[in-house]
file query.cif (mmCIF, C-alpha atoms and all ligand atoms)
data_model
loop_
_atom_site.group_PDB
_atom_site.id
_atom_site.type_symbol
_atom_site.label_atom_id
_atom_site.label_comp_id
_atom_site.auth_asym_id
_atom_site.auth_seq_id
_atom_site.Cartn_x
_atom_site.Cartn_y
_atom_site.Cartn_z
ATOM 1 C CA MET A 320 0.000 0.000 0.000
ATOM 2 C CA PRO A 321 1.399 3.424 -0.845
ATOM 3 C CA GLU A 322 2.371 5.441 2.198
ATOM 4 C CA GLY A 323 0.951 8.893 2.809
ATOM 5 C CA HIS A 324 3.680 10.829 1.039
ATOM 6 C CA THR A 325 2.665 9.160 -2.251
ATOM 7 C CA ILE A 326 -0.912 10.335 -1.888
ATOM 8 C CA HIS A 327 0.211 13.875 -1.060
ATOM 9 C CA ARG A 328 2.426 13.786 -4.119
ATOM 10 C CA LEU A 329 -0.481 12.626 -6.220
ATOM 11 C CA ALA A 330 -2.707 15.394 -4.817
ATOM 12 C CA SER A 331 -0.109 18.024 -5.675
ATOM 13 C CA ALA A 332 0.163 16.697 -9.206
ATOM 14 C CA LEU A 333 -3.587 16.585 -9.782
ATOM 15 C CA ASP A 334 -3.883 20.098 -8.401
ATOM 16 C CA GLU A 335 -1.179 21.327 -10.745
ATOM 17 C CA LEU A 336 -2.489 19.470 -13.790
ATOM 18 C CA TRP A 337 -6.207 20.069 -13.480
ATOM 19 C CA SER A 338 -7.177 22.566 -10.802
ATOM 20 C CA GLY A 339 -9.708 25.034 -12.246
ATOM 21 C CA GLN A 340 -10.469 22.847 -15.249
ATOM 22 C CA ARG A 341 -13.664 21.130 -16.319
ATOM 23 C CA LEU A 342 -13.233 17.370 -16.377
ATOM 24 C CA ARG A 343 -15.212 14.550 -17.867
ATOM 25 C CA ALA A 344 -15.896 11.697 -15.460
ATOM 26 C CA SER A 345 -17.015 8.204 -16.360
ATOM 27 C CA SER A 346 -16.968 4.707 -14.959
ATOM 28 C CA PRO A 347 -15.943 2.342 -17.773
ATOM 29 C CA GLN A 348 -16.400 -0.589 -15.400
ATOM 30 C CA GLY A 349 -19.826 0.671 -14.342
ATOM 31 C CA ARG A 350 -19.484 0.315 -10.585
ATOM 32 C CA PHE A 351 -19.215 4.080 -10.071
ATOM 33 C CA ALA A 352 -21.534 5.113 -12.895
ATOM 34 C CA ASN A 353 -23.872 7.254 -10.765
ATOM 35 C CA GLY A 354 -21.025 8.961 -8.943
ATOM 36 C CA ALA A 355 -19.151 9.711 -12.129
ATOM 37 C CA GLU A 356 -22.301 11.138 -13.701
ATOM 38 C CA SER A 357 -22.723 13.522 -10.751
ATOM 39 C CA ILE A 358 -19.335 15.172 -11.242
ATOM 40 C CA ASP A 359 -19.089 14.781 -15.011
ATOM 41 C CA GLY A 360 -18.464 18.173 -16.621
ATOM 42 C CA GLN A 361 -17.779 19.889 -13.292
ATOM 43 C CA VAL A 362 -14.684 21.890 -12.402
ATOM 44 C CA LEU A 363 -11.977 20.402 -10.195
ATOM 45 C CA LEU A 364 -11.384 22.961 -7.443
ATOM 46 C CA GLY A 365 -8.155 21.492 -6.091
ATOM 47 C CA ALA A 366 -6.777 18.357 -4.490
ATOM 48 C CA SER A 367 -5.648 17.446 -1.011
ATOM 49 C CA ALA A 368 -4.706 14.443 1.076
ATOM 50 C CA HIS A 369 -5.055 13.405 4.684
ATOM 51 C CA GLY A 370 -3.032 10.310 5.404
ATOM 52 C CA LYS A 371 -3.792 7.821 2.652
ATOM 53 C CA HIS A 372 -7.084 9.473 1.645
ATOM 54 C CA LEU A 373 -7.270 11.659 -1.457
ATOM 55 C CA PHE A 374 -9.937 14.378 -1.588
ATOM 56 C CA LEU A 375 -10.976 16.057 -4.843
ATOM 57 C CA PRO A 376 -13.627 18.807 -4.632
ATOM 58 C CA PHE A 377 -15.806 19.404 -7.712
ATOM 59 C CA ALA A 378 -18.389 22.109 -8.448
ATOM 60 C CA PRO A 379 -20.359 23.323 -11.460
ATOM 61 C CA GLU A 380 -18.530 25.881 -13.587
ATOM 62 C CA GLY A 381 -18.665 29.342 -12.034
ATOM 63 C CA TYR A 382 -19.942 28.036 -8.713
ATOM 64 C CA MET A 383 -19.174 30.103 -5.623
ATOM 65 C CA PRO A 384 -18.264 29.901 -2.807
ATOM 66 C CA LEU A 385 -15.703 27.138 -2.906
ATOM 67 C CA ASP A 386 -16.784 25.786 0.475
ATOM 68 C CA GLY A 387 -20.509 26.073 -0.279
ATOM 69 C CA PRO A 388 -23.089 23.300 -0.362
ATOM 70 C CA GLY A 389 -22.756 22.907 -4.127
ATOM 71 C CA VAL A 390 -19.295 21.393 -3.777
ATOM 72 C CA THR A 391 -19.077 17.617 -4.125
ATOM 73 C CA TRP A 392 -16.039 15.810 -2.764
ATOM 74 C CA LEU A 393 -14.594 12.687 -4.298
ATOM 75 C CA ARG A 394 -12.795 10.555 -1.731
ATOM 76 C CA VAL A 395 -10.407 7.831 -2.916
ATOM 77 C CA HIS A 396 -8.443 5.376 -0.804
ATOM 78 C CA LEU A 397 -6.277 3.026 -2.853
ATOM 79 C CA GLY A 398 -6.016 0.298 -0.232
ATOM 80 C CA LEU A 399 -3.859 -2.686 -1.084
ATOM 81 C CA TYR A 400 -4.761 -3.091 -4.729
ATOM 82 C CA GLY A 401 -5.821 0.286 -6.065
ATOM 83 C CA SER A 402 -3.855 2.322 -8.556
ATOM 84 C CA TRP A 403 -4.042 5.401 -10.754
ATOM 85 C CA THR A 404 -2.705 5.200 -14.285
ATOM 86 C CA PHE A 405 -2.028 8.324 -16.321
ATOM 87 C CA ASP A 406 -1.947 8.947 -20.008
ATOM 88 C CA GLY A 407 -1.849 12.103 -22.054
ATOM 89 C CA ASP A 408 -0.094 14.332 -24.539
ATOM 90 C CA ALA A 409 3.304 15.958 -24.133
ATOM 91 C CA SER A 410 1.930 18.940 -22.223
ATOM 92 C CA PHE A 411 0.308 16.618 -19.722
ATOM 93 C CA THR A 412 3.327 14.420 -19.235
ATOM 94 C CA ALA A 413 5.882 17.253 -19.230
ATOM 95 C CA PRO A 414 7.914 17.783 -16.081
ATOM 96 C CA HIS A 415 5.944 19.379 -13.290
ATOM 97 C CA ALA A 416 7.161 21.119 -10.207
ATOM 98 C CA ILE A 417 6.186 18.255 -7.985
ATOM 99 C CA GLY A 418 7.576 15.618 -10.281
ATOM 100 C CA ALA A 419 4.393 13.579 -10.073
ATOM 101 C CA PRO A 420 2.155 11.843 -10.899
ATOM 102 C CA ARG A 421 4.029 8.767 -11.784
ATOM 103 C CA ARG A 422 2.535 6.834 -14.613
ATOM 104 C CA ARG A 423 1.286 4.513 -11.997
ATOM 105 C CA VAL A 424 0.618 5.166 -8.354
ATOM 106 C CA GLY A 425 -0.343 2.417 -5.971
ATOM 107 C CA GLU A 426 -0.700 -1.306 -6.300
ATOM 108 C CA ARG A 427 2.778 -2.646 -5.573
ATOM 109 C CA GLY A 428 3.851 0.559 -3.948
ATOM 110 C CA GLU A 429 6.230 2.945 -5.549
ATOM 111 C CA HIS A 430 8.126 2.563 -8.743
ATOM 112 C CA PRO A 431 11.479 4.288 -8.451
ATOM 113 C CA LEU A 432 12.118 6.384 -11.507
ATOM 114 C CA GLY A 433 15.531 7.756 -10.779
ATOM 115 C CA ARG A 434 16.353 10.931 -8.983
ATOM 116 C CA SER A 435 16.126 13.403 -11.825
ATOM 117 C CA GLY A 436 13.023 15.007 -10.355
ATOM 118 C CA GLY A 437 11.436 15.308 -13.778
ATOM 119 C CA SER A 438 7.931 14.266 -14.576
ATOM 120 C CA ALA A 439 6.967 11.127 -12.779
ATOM 121 C CA LEU A 440 4.429 10.610 -15.534
ATOM 122 C CA VAL A 441 7.287 9.690 -17.785
ATOM 123 C CA GLY A 442 9.132 6.444 -17.485
ATOM 124 C CA LEU A 443 6.789 3.671 -16.509
ATOM 125 C CA GLY A 444 5.680 2.903 -20.023
ATOM 126 C CA VAL A 445 2.010 2.658 -19.197
ATOM 127 C CA GLY A 446 -0.424 3.973 -21.751
ATOM 128 C CA THR A 447 0.275 5.164 -25.229
ATOM 129 C CA GLY A 448 0.747 8.913 -24.843
ATOM 130 C CA GLY A 449 3.701 10.697 -23.405
ATOM 131 C CA GLY A 450 5.052 12.088 -26.612
ATOM 132 C CA THR A 451 2.064 13.045 -28.668
ATOM 133 C CA ALA A 452 1.957 16.654 -29.761
ATOM 134 C CA PRO A 453 -0.544 18.759 -27.788
ATOM 135 C CA GLY A 454 -3.975 18.675 -29.359
ATOM 136 C CA LYS A 455 -3.395 15.431 -31.197
ATOM 137 C CA TRP A 456 -3.861 13.183 -28.211
ATOM 138 C CA SER A 457 -6.959 11.098 -27.778
ATOM 139 C CA PRO A 458 -7.651 8.858 -24.818
ATOM 140 C CA SER A 459 -6.812 5.184 -25.108
ATOM 141 C CA GLU A 460 -9.314 2.485 -24.347
ATOM 142 C CA PRO A 461 -9.550 1.841 -20.587
ATOM 143 C CA ARG A 462 -7.522 -1.160 -19.509
ATOM 144 C CA GLY A 463 -8.921 -3.525 -16.938
ATOM 145 C CA ALA A 464 -11.702 -2.737 -14.520
ATOM 146 C CA VAL A 465 -11.506 1.060 -14.464
ATOM 147 C CA ARG A 466 -13.760 2.321 -11.688
ATOM 148 C CA LEU A 467 -13.318 5.959 -12.597
ATOM 149 C CA ARG A 468 -11.795 7.798 -15.519
ATOM 150 C CA LEU A 469 -11.123 11.503 -15.168
ATOM 151 C CA LEU A 470 -10.495 13.102 -18.508
ATOM 152 C CA GLY A 471 -9.141 16.558 -19.259
ATOM 153 C CA GLU A 472 -8.204 18.192 -22.507
ATOM 154 C CA HIS A 473 -4.629 16.865 -22.438
ATOM 155 C CA GLY A 474 -4.762 13.657 -20.487
ATOM 156 C CA CYS A 475 -6.649 11.228 -18.348
ATOM 157 C CA ALA A 476 -6.314 9.377 -15.069
ATOM 158 C CA ASP A 477 -7.783 5.905 -14.643
ATOM 159 C CA LEU A 478 -8.554 4.537 -11.197
ATOM 160 C CA THR A 479 -8.677 0.765 -10.743
ATOM 161 C CA GLY A 480 -9.236 -1.411 -7.700
ATOM 162 C CA PRO A 481 -9.580 1.230 -4.959
ATOM 163 C CA ALA A 482 -10.625 0.280 -1.444
ATOM 164 C CA ALA A 483 -12.863 3.371 -1.447
ATOM 165 C CA CYS A 484 -14.220 5.670 -4.133
ATOM 166 C CA GLU A 485 -17.216 7.736 -3.084
ATOM 167 C CA LEU A 486 -18.801 11.162 -3.192
ATOM 168 C CA LEU A 487 -19.226 13.161 0.006
ATOM 169 C CA ASP A 488 -20.446 16.577 1.067
ATOM 170 C CA ALA A 489 -18.338 18.769 3.331
ATOM 171 C CA ASP A 490 -19.789 17.155 6.460
ATOM 172 C CA GLY A 491 -18.912 13.730 5.102
ATOM 173 C CA VAL A 492 -15.337 14.830 4.518
ATOM 174 C CA ALA A 493 -15.158 16.204 8.050
ATOM 175 C CA ALA A 494 -16.460 12.908 9.444
ATOM 176 C CA VAL A 495 -13.801 10.896 7.606
ATOM 177 C CA ARG A 496 -11.065 13.257 8.713
ATOM 178 C CA HIS A 497 -12.327 13.195 12.291
ATOM 179 C CA ARG A 498 -11.581 9.475 12.432
ATOM 180 C CA LEU A 499 -7.997 10.020 11.313
ATOM 181 C CA GLY A 500 -5.071 10.979 13.480
ATOM 182 C CA PRO A 501 -2.932 13.991 12.634
ATOM 183 C CA ASP A 502 -0.913 13.851 9.423
ATOM 184 C CA PRO A 503 2.704 15.061 9.654
ATOM 185 C CA LEU A 504 2.418 16.338 6.065
ATOM 186 C CA ARG A 505 -0.541 18.623 6.705
ATOM 187 C CA ASP A 506 -0.269 22.162 8.040
ATOM 188 C CA ASP A 507 -3.057 21.343 10.478
ATOM 189 C CA GLY A 508 -1.278 18.213 11.763
ATOM 190 C CA GLU A 509 -0.771 18.656 15.504
ATOM 191 C CA ARG A 510 2.136 16.967 17.216
ATOM 192 C CA GLU A 511 0.528 17.072 20.651
ATOM 193 C CA VAL A 512 -2.575 15.277 19.366
ATOM 194 C CA PHE A 513 -0.346 12.490 18.076
ATOM 195 C CA VAL A 514 1.468 12.287 21.419
ATOM 196 C CA ALA A 515 -1.818 12.105 23.325
ATOM 197 C CA ASN A 516 -3.199 9.488 20.906
ATOM 198 C CA VAL A 517 -0.267 7.169 21.589
ATOM 199 C CA ARG A 518 -0.195 7.724 25.310
ATOM 200 C CA ARG A 519 -3.890 6.873 25.676
ATOM 201 C CA ARG A 520 -3.275 3.383 24.360
ATOM 202 C CA ARG A 521 -1.582 0.324 25.799
ATOM 203 C CA LYS A 522 -0.691 -1.376 22.531
ATOM 204 C CA PRO A 523 2.958 -1.477 21.447
ATOM 205 C CA VAL A 524 4.122 1.815 19.994
ATOM 206 C CA GLY A 525 5.259 -0.081 16.897
ATOM 207 C CA GLU A 526 1.671 -1.088 16.267
ATOM 208 C CA LEU A 527 0.231 2.330 17.105
ATOM 209 C CA LEU A 528 2.329 4.140 14.512
ATOM 210 C CA MET A 529 0.510 2.107 11.847
ATOM 211 C CA ASP A 530 -2.920 2.878 13.314
ATOM 212 C CA GLN A 531 -4.400 5.587 11.079
ATOM 213 C CA ALA A 532 -6.523 6.854 13.985
ATOM 214 C CA VAL A 533 -3.317 7.579 15.905
ATOM 215 C CA LEU A 534 -1.130 8.897 13.101
ATOM 216 C CA ALA A 535 -2.305 9.326 9.518
ATOM 217 C CA GLY A 536 -0.058 8.542 6.590
ATOM 218 C CA ALA A 537 2.835 6.537 7.973
ATOM 219 C CA GLY A 538 3.127 2.997 6.664
ATOM 220 C CA ASN A 539 5.420 0.102 7.371
ATOM 221 C CA ILE A 540 8.644 1.700 6.206
ATOM 222 C CA TYR A 541 8.286 5.013 8.021
ATOM 223 C CA ARG A 542 7.112 3.145 11.117
ATOM 224 C CA ALA A 543 10.190 0.938 11.281
ATOM 225 C CA GLU A 544 12.645 3.631 10.325
ATOM 226 C CA THR A 545 11.531 6.400 12.638
ATOM 227 C CA LEU A 546 11.483 4.036 15.619
ATOM 228 C CA PHE A 547 15.049 3.083 14.788
ATOM 229 C CA ARG A 548 16.130 6.692 14.332
ATOM 230 C CA CYS A 549 14.518 7.635 17.644
ATOM 231 C CA ARG A 550 15.913 4.492 19.346
ATOM 232 C CA ILE A 551 12.521 3.335 20.576
ATOM 233 C CA ASN A 552 11.765 -0.332 21.183
ATOM 234 C CA PRO A 553 8.723 -1.139 19.041
ATOM 235 C CA TYR A 554 7.208 -3.294 21.797
ATOM 236 C CA ARG A 555 7.154 -0.483 24.355
ATOM 237 C CA PRO A 556 3.520 0.182 25.322
ATOM 238 C CA GLY A 557 2.170 3.478 24.024
ATOM 239 C CA ASN A 558 1.146 4.655 27.480
ATOM 240 C CA ALA A 559 4.654 3.968 28.785
ATOM 241 C CA THR A 560 6.397 5.961 26.049
ATOM 242 C CA GLY A 561 7.589 9.354 27.173
ATOM 243 C CA VAL A 562 6.231 12.598 25.782
ATOM 244 C CA GLY A 563 9.670 13.761 24.718
ATOM 245 C CA ARG A 564 10.346 10.545 22.819
ATOM 246 C CA LEU A 565 7.034 10.780 20.964
ATOM 247 C CA ARG A 566 7.614 14.413 20.098
ATOM 248 C CA ALA A 567 10.936 13.281 18.664
ATOM 249 C CA VAL A 568 9.117 10.752 16.466
ATOM 250 C CA TRP A 569 6.821 13.436 15.057
ATOM 251 C CA ASP A 570 9.716 15.846 14.558
ATOM 252 C CA ASP A 571 11.586 13.080 12.739
ATOM 253 C CA LEU A 572 8.664 12.140 10.495
ATOM 254 C CA VAL A 573 7.929 15.651 9.246
ATOM 255 C CA PRO A 574 11.205 16.085 7.319
ATOM 256 C CA LEU A 575 11.411 12.392 6.335
ATOM 257 C CA MET A 576 7.935 12.418 4.840
ATOM 258 C CA THR A 577 8.402 15.847 3.260
ATOM 259 C CA TYR A 578 11.453 14.462 1.499
ATOM 260 C CA GLY A 579 9.253 11.585 0.362
ATOM 261 C CA VAL A 580 6.721 14.001 -1.157
ATOM 262 C CA GLU A 581 9.421 15.972 -2.930
ATOM 263 C CA THR A 582 11.277 13.002 -4.383
ATOM 264 C CA GLY A 583 8.859 10.086 -4.348
ATOM 265 C CA PHE A 584 11.396 8.085 -2.352
ATOM 266 C CA ILE A 585 11.540 6.972 1.231
ATOM 267 C CA THR A 586 15.136 7.495 2.237
ATOM 268 C CA THR A 587 15.900 7.473 5.929
ATOM 269 C CA VAL A 588 19.608 6.662 6.264
ATOM 270 C CA ASP A 589 21.796 9.621 7.092
ATOM 271 C CA ALA A 590 24.521 9.965 4.465
ATOM 272 C CA ALA A 591 27.230 9.281 7.049
ATOM 273 C CA ASP A 592 25.719 5.883 7.839
ATOM 274 C CA VAL A 593 25.541 4.593 4.266
ATOM 275 C CA PRO A 594 28.180 1.864 3.843
ATOM 276 C CA ASP A 595 30.936 2.589 1.317
ATOM 277 C CA VAL A 596 30.317 -0.804 -0.243
ATOM 278 C CA LEU A 597 26.911 -2.434 -0.196
ATOM 279 C CA ASP A 598 26.808 -6.162 0.496
ATOM 280 C CA GLU A 599 25.262 -8.255 -2.226
ATOM 281 C CA GLY A 600 21.503 -8.394 -1.822
ATOM 282 C CA ASP A 601 21.537 -5.562 0.702
ATOM 283 C CA GLN A 602 20.747 -2.599 -1.533
ATOM 284 C CA GLU A 603 18.355 -1.472 1.204
ATOM 285 C CA ALA A 604 21.334 -0.341 3.271
ATOM 286 C CA ALA A 605 21.630 2.713 1.034
ATOM 287 C CA ARG A 606 18.088 3.797 1.879
ATOM 288 C CA TRP A 607 16.903 2.201 5.111
ATOM 289 C CA TYR A 608 18.365 1.265 8.486
ATOM 290 C CA VAL A 609 16.201 -1.727 9.337
ATOM 291 C CA TYR A 610 13.317 -2.098 6.886
ATOM 292 C CA HIS A 611 13.769 -5.313 4.854
ATOM 293 C CA ARG A 612 17.198 -5.735 6.444
ATOM 294 C CA ASP A 613 16.499 -8.623 8.840
ATOM 295 C CA GLY A 614 19.525 -10.878 9.197
ATOM 296 C CA ARG A 615 21.848 -7.997 8.165
ATOM 297 C CA ALA A 616 24.156 -6.039 10.408
ATOM 298 C CA CYS A 617 22.737 -2.856 11.896
ATOM 299 C CA LEU A 618 24.353 0.118 10.138
ATOM 300 C CA ARG A 619 25.152 1.728 13.482
ATOM 301 C CA CYS A 620 26.056 -1.080 15.891
ATOM 302 C CA GLY A 621 26.511 -4.249 13.826
ATOM 303 C CA THR A 622 23.887 -6.231 15.734
ATOM 304 C CA THR A 623 21.712 -8.444 13.540
ATOM 305 C CA VAL A 624 18.484 -6.708 12.532
ATOM 306 C CA ARG A 625 15.391 -8.670 13.506
ATOM 307 C CA ARG A 626 11.892 -9.110 12.143
ATOM 308 C CA ALA A 627 8.577 -10.202 13.630
ATOM 309 C CA GLU A 628 4.909 -10.139 12.738
ATOM 310 C CA VAL A 629 2.995 -7.502 14.680
ATOM 311 C CA GLY A 630 -0.646 -6.791 13.952
ATOM 312 C CA GLY A 631 -0.404 -8.691 10.662
ATOM 313 C CA ARG A 632 2.476 -6.573 9.370
ATOM 314 C CA THR A 633 6.184 -7.270 9.441
ATOM 315 C CA LEU A 634 8.162 -5.217 11.879
ATOM 316 C CA PHE A 635 11.933 -4.700 11.633
ATOM 317 C CA TRP A 636 14.196 -3.389 14.393
ATOM 318 C CA CYS A 637 17.657 -3.475 15.918
ATOM 319 C CA PRO A 638 17.493 -5.098 19.367
ATOM 320 C CA ARG A 639 20.529 -3.185 20.584
ATOM 321 C CA CYS A 640 19.895 0.338 19.241
ATOM 322 C CA GLN A 641 16.235 -0.041 20.193
ATOM 323 C CA ALA A 642 16.658 -1.839 23.501
ATOM 324 C CA ARG A 643 14.233 0.344 25.426
HETATM 325 ZN ZN ZN A 701 21.882 -1.206 16.076
#

call {"tool": "encode", "arguments": {"input": "query.cif", "output": "structure tokens"}}
result
Amino acid sequence: MPEGHTIHRLASALDELWSGQRLRASSPQGRFANGAESIDGQVLLGASAHGKHLFLPFAPEGYMPLDGPGVTWLRVHLGLYGSWTFDGDASFTAPHAIGAPRRRVGERGEHPLGRSGGSALVGLGVGTGGGTAPGKWSPSEPRGAVRLRLLGEHGCADLTGPAACELLDADGVAAVRHRLGPDPLRDDGEREVFVANVRRRRKPVGELLMDQAVLAGAGNIYRAETLFRCRINPYRPGNATGVGRLRAVWDDLVPLMTYGVETGFITTVDAADVPDVLDEGDQEAARWYVYHRDGRACLRCGTTVRRAEVGGRTLFWCPRCQAR
């Protein structure tokens, strides 16, 4: 499942590509036919994310105010199997400030495209556009079970297999967001709310960091890596984890996840800790301290990194660096 930074990156790209434009909406698969019909021909007002939820507000052309009752919100959560696939002409796939969207977002997580920072639409070879002169592009036939196709003048985005795709009013959006913990990538994310959320619960802190009601947006990699960086034992109960240590986690996640939004990569190893020579099969050591590195030597102390199943997800940690 993509972690929150990917959804924020996607929101930025959609905002840049389509904000203020009228879009056509359809459901080639049929399962979202009524929803698509409701927003078809409306103007996309922007795009935002909270954790792993994407919110796209639509309104009829010329509608004011932007927070009025005429605004309809599309909420999408990719879940484990969802993905967005993009296709379009050269103006659509040209480099954008944010470097996203990738041709494909979701499904098997991220597809590294190199660090050039150019358009993440280019390079995954999905779709048939990407080089067509502006104006000469026409949308390709939907591939697979496309729940929703959003189509602009220069490109389209196809959504397949989402865990959630629904229309909400402003109250509905507020209700969804109310169930989510603070998001380190949002301006309204509050560190002290996160701290209180953890300290109210007895579950292991390693499990709580994955609980979207405690902290929105972090997934398995950020969970493992920030606990390592903050030297916290993942089995420590939330209510026995000090305020200062939890503030450190939040303060660590903000720049780590911001870097993820800017680059599309989760990189958590400080440059000084990257080995000069990577062992065969341990490419992770250039990016991560413990994630997917079980059985390898900890980059800081040499102790063997361990793994265990916690709450159905695999947890990685260094028993020495994270002894308490
Ligand atoms: Zn260690």

call {"tool": "residues_near_ligand", "arguments": {"input": "query.cif", "ligand": "ligand ZN 701 (chain A)", "cutoff": "12 Å", "atoms": "all atoms listed in the file", "output": "MDAnalysis selection string"}}
result
chainID A and resid 544 546:552 592 608:609 612:613 615:625 635:642

call {"tool": "resolve_selection", "arguments": {"input": "query.cif", "expression": "the PyMOL selection byres (((chain A and resi 581-586) around 7) and not hetatm)", "output": "count of residues only"}}
result
11

call {"tool": "closest_residue", "arguments": {"input": "query.cif", "among": "A:Val593, A:Arg466, A:Pro523, A:Leu373", "to": "Ala352 (chain A)", "atoms": "all atoms listed in the file"}}
result
A:Arg466

call {"tool": "atom_distance", "arguments": {"input": "query.cif", "atom1": "CA of Gly471 (chain A)", "atom2": "CA of Val362 (chain A)"}}
result
10.3 Å

call {"tool": "atom_distance", "arguments": {"input": "query.cif", "atom1": "CA of Ala532 (chain A)", "atom2": "CA of Phe377 (chain A)"}}
result
26.7 Å

call {"tool": "atom_distance", "arguments": {"input": "query.cif", "atom1": "CA of Gln348 (chain A)", "atom2": "CA of Leu467 (chain A)"}}
result
7.8 Å

call {"tool": "closest_residue", "arguments": {"input": "query.cif", "among": "A:His497, A:Ala604, A:Arg462, A:Phe513", "to": "Val568 (chain A)", "atoms": "all atoms listed in the file"}}
result
A:Phe513

call {"tool": "closest_residue", "arguments": {"input": "query.cif", "among": "A:Phe351, A:Ile358, A:Asn539, A:Asp589", "to": "Glu628 (chain A)", "atoms": "all atoms listed in the file"}}
result
A:Asn539

call {"tool": "closest_residue", "arguments": {"input": "query.cif", "among": "A:Met383, A:Ala591, A:Leu399, A:Val514", "to": "Gly538 (chain A)", "atoms": "only C-alpha atoms"}}
result
A:Leu399
